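Following: one structure in C-alpha cells, then a few remarks.
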Amino acid sequence: MSKTVSESVRFPRSAVKPAERSIKKVRRKSPIPYLLAGLAGLMYGVNMPVYLFSEYLKLAILAAAVYWFARIFWKDRIVEVETEPDSGDESANELIREARLAITRIRACNDAIADPILSRTIEHIEGSAREMLLRIEEKPELQNQLRTFLRYYLPTTVKILNTRAELEPGKGSTSKAAFETRARTERMLEQIDKAFIKQNDALEKNRYLDVQVEMDVLDGMLRSNGLTAGE
C-alpha cells in the first residue's frame, strides 16, 4: 500500500520529530514568483497593445524573465510532513490519527510554556507517544494494548498542559491555588512521562521475546531434521 502525505502536521525547529519512517521531505515552491510574473504580464497588457503574435511572445518572455529572476530571492523550501499511517488495519490507522492530533496539541502547549525542564519532560512524553504509534503501525494488533494510553492518557495530558499553559507565570493568577495547581501539574507530568517510558520498555522487551521464541522454534525444527552443525 502506497503512502500519501498528510500536510496537516508541520514540525517547528523546537519540536520532537517522529522517526524517519513516518516523515517525508517535500519541496514547496513559493507562490511569489508566479504572482510577480502574472502582475508583470498584466501591466504589460494594460500599457501595450497586445494583438499580434510578436506582442504575445514579448509578454511571455517578460513573464518568464520576471519569474526566474524572482526565484533567485524566493527559493523552493524543503519541508517535513507526516505520512499517512499505513498499518493495514483501518481501526489502528484511525487510532494513530487521533493520537497525532493530541500530540500536535501537546506541542502547542509546550510552545506556550517557558520552563526548559518541564519542556524536556513534555518532549519525552511526545517522543514516547510517537514510538507507540510506530509500534502500532508495525503491529496493529497492539492497538488494544495501547488504546488506554492513546485515548485516555494523551487527551488527559492535553487537558493538564492546557491548564499549565494558562497558569504560566506572568499570564495566570498569582493566587495560592494557582501556584499549587501549577506545581501539581508538573508533578503529574513527570508521572505520565515515567508511565509512557515503562510501557515502551515493556513493548521493547516483548518485541525481542517474540524473536527469541521464533529462534527457539526454528532451532528445534533444524535439530529434528538433522540440519544443525555436527549432525
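Residues in the C-alpha cells are numbered from 1 in each chain, the chains being A, B, ... in the order shown, and ligands are numbered from 1 in the order shown.
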Within 12 Å of Ala64 in chain A, counting only C-alpha atoms, which residues show up once you throw out same-chain ones fewer than 6 positions away? Write them as an mmCIF file with C-alpha atoms, in the first residue's frame, please.
data_model
loop_
_atom_site.group_PDB
_atom_site.id
_atom_site.type_symbol
_atom_site.label_atom_id
_atom_site.label_comp_id
_atom_site.auth_asym_id
_atom_site.auth_seq_id
_atom_site.Cartn_x
_atom_site.Cartn_y
_atom_site.Cartn_z
ATOM 1 C CA PRO A 33 7.437 34.347 -8.381
ATOM 2 C CA TYR A 34 4.174 33.252 -10.021
ATOM 3 C CA LEU A 35 2.353 36.303 -8.647
ATOM 4 C CA LEU A 36 5.063 38.699 -9.824
ATOM 5 C CA ALA A 37 5.165 37.090 -13.281
ATOM 6 C CA GLY A 38 1.395 37.402 -13.572
ATOM 7 C CA LEU A 39 1.497 41.017 -12.400
ATOM 8 C CA ALA A 40 4.221 41.853 -14.924
ATOM 9 C CA GLY A 41 2.164 40.277 -17.698
ATOM 10 C CA LEU A 57 5.681 36.438 -27.433
ATOM 11 C CA LYS A 58 7.179 39.512 -25.757
ATOM 12 C CA ALA A 70 12.087 36.314 -8.582
ATOM 13 C CA ARG A 71 13.102 32.712 -7.887
#
Which is closer to Thr157 in chain A than all the others in A:Ala112, A:Ala183, A:Ile117, A:Ala102, using only C-alpha atoms?
-> A:Ala102
Going by DSSP on the backbone, which bits of range 78-152 of chain A are helix (DSSP H, G or I)? Write them as a ChimeraX atom specification, please.
-> /A:90-111,116-138,140-152
With C-alpha atoms retained, export the selected residues as a compact mmCIF listing (two decimals), in the first residue's frame.
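In the end it all went to selection-v5.txt:
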# COMPACT_ATOMS: atom_id res chain seq x y z
CA GLU A 90 -8.18 0.96 9.45
CA SER A 91 -9.06 0.99 13.16
CA ALA A 92 -5.35 1.12 14.00
CA ASN A 93 -4.84 3.88 11.44
CA GLU A 94 -7.69 5.88 12.99
CA LEU A 95 -6.18 5.46 16.45
CA ILE A 96 -2.86 6.74 15.12
CA ARG A 97 -4.51 9.79 13.52
CA GLU A 98 -6.32 10.66 16.78
CA ALA A 99 -3.11 10.32 18.76
CA ARG A 100 -1.20 12.51 16.31
CA LEU A 101 -3.76 15.29 16.77
CA ALA A 102 -3.34 15.03 20.54
CA ILE A 103 0.45 15.17 20.12
CA THR A 104 0.09 18.31 17.98
CA ARG A 105 -1.91 19.96 20.80
CA ILE A 106 0.70 18.84 23.34
CA ARG A 107 3.41 20.51 21.24
CA ALA A 108 1.37 23.72 21.04
CA CYS A 109 1.09 23.77 24.84
CA ASN A 110 4.81 23.15 25.12
CA ASP A 111 5.47 26.20 22.94
CA PRO A 116 13.01 24.39 29.99
CA ILE A 117 12.97 21.44 32.42
CA LEU A 118 9.22 20.98 32.04
CA SER A 119 9.54 21.37 28.26
CA ARG A 120 12.02 18.50 28.15
CA THR A 121 9.57 16.32 30.09
CA ILE A 122 6.83 17.20 27.61
CA GLU A 123 9.17 16.37 24.71
CA HIS A 124 9.89 12.99 26.31
CA ILE A 125 6.17 12.28 26.51
CA GLU A 126 5.74 13.23 22.86
CA GLY A 127 8.66 11.05 21.81
CA SER A 128 7.34 8.08 23.78
CA ALA A 129 3.86 8.51 22.27
CA ARG A 130 5.32 8.57 18.78
CA GLU A 131 7.24 5.38 19.49
CA MET A 132 3.95 3.73 20.41
CA LEU A 133 2.39 4.89 17.16
CA LEU A 134 5.25 3.39 15.18
CA ARG A 135 4.80 0.08 17.02
CA ILE A 136 1.08 0.05 16.23
CA GLU A 137 1.82 0.75 12.59
CA GLU A 138 4.23 -2.18 12.55
CA PRO A 140 -1.71 -3.22 14.51
CA GLU A 141 -2.72 -5.94 16.97
CA LEU A 142 -1.02 -3.83 19.66
CA GLN A 143 -3.77 -1.22 19.37
CA ASN A 144 -5.88 -2.88 22.07
CA GLN A 145 -2.94 -2.94 24.47
CA LEU A 146 -2.12 0.74 23.86
CA ARG A 147 -5.61 2.14 23.42
CA THR A 148 -5.81 3.35 27.04
CA PHE A 149 -2.55 5.25 26.66
CA LEU A 150 -3.55 6.88 23.40
CA ARG A 151 -7.24 7.56 24.01
CA TYR A 152 -7.14 8.44 27.70
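CA of Leu189 in chain A is found 10.7 Å from CA of Tyr153 in chain A.
CA of Leu161 in chain A is found 9.8 Å from CA of Arg182 in chain A.
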So which one's closest to Phe179 in chain A, A:Asp193, A:Arg164, A:Asn200, A:Asp76? Using only C-alpha atoms, please.
-> A:Arg164
Between CA of Lys176 in chain A and CA of Thr163 in chain A, what is the distance, to one decimal in Å?
-> 15.2 Å
Please return as JSON, numbers by chain: the residues of range 3-205 of chain A that backbone DSSP assigns to strand (DSSP E or B).
-> {"A": [5, 6, 7, 8, 9, 10, 23, 24, 25, 26, 27, 28, 77, 78, 79, 80, 81, 82, 83]}
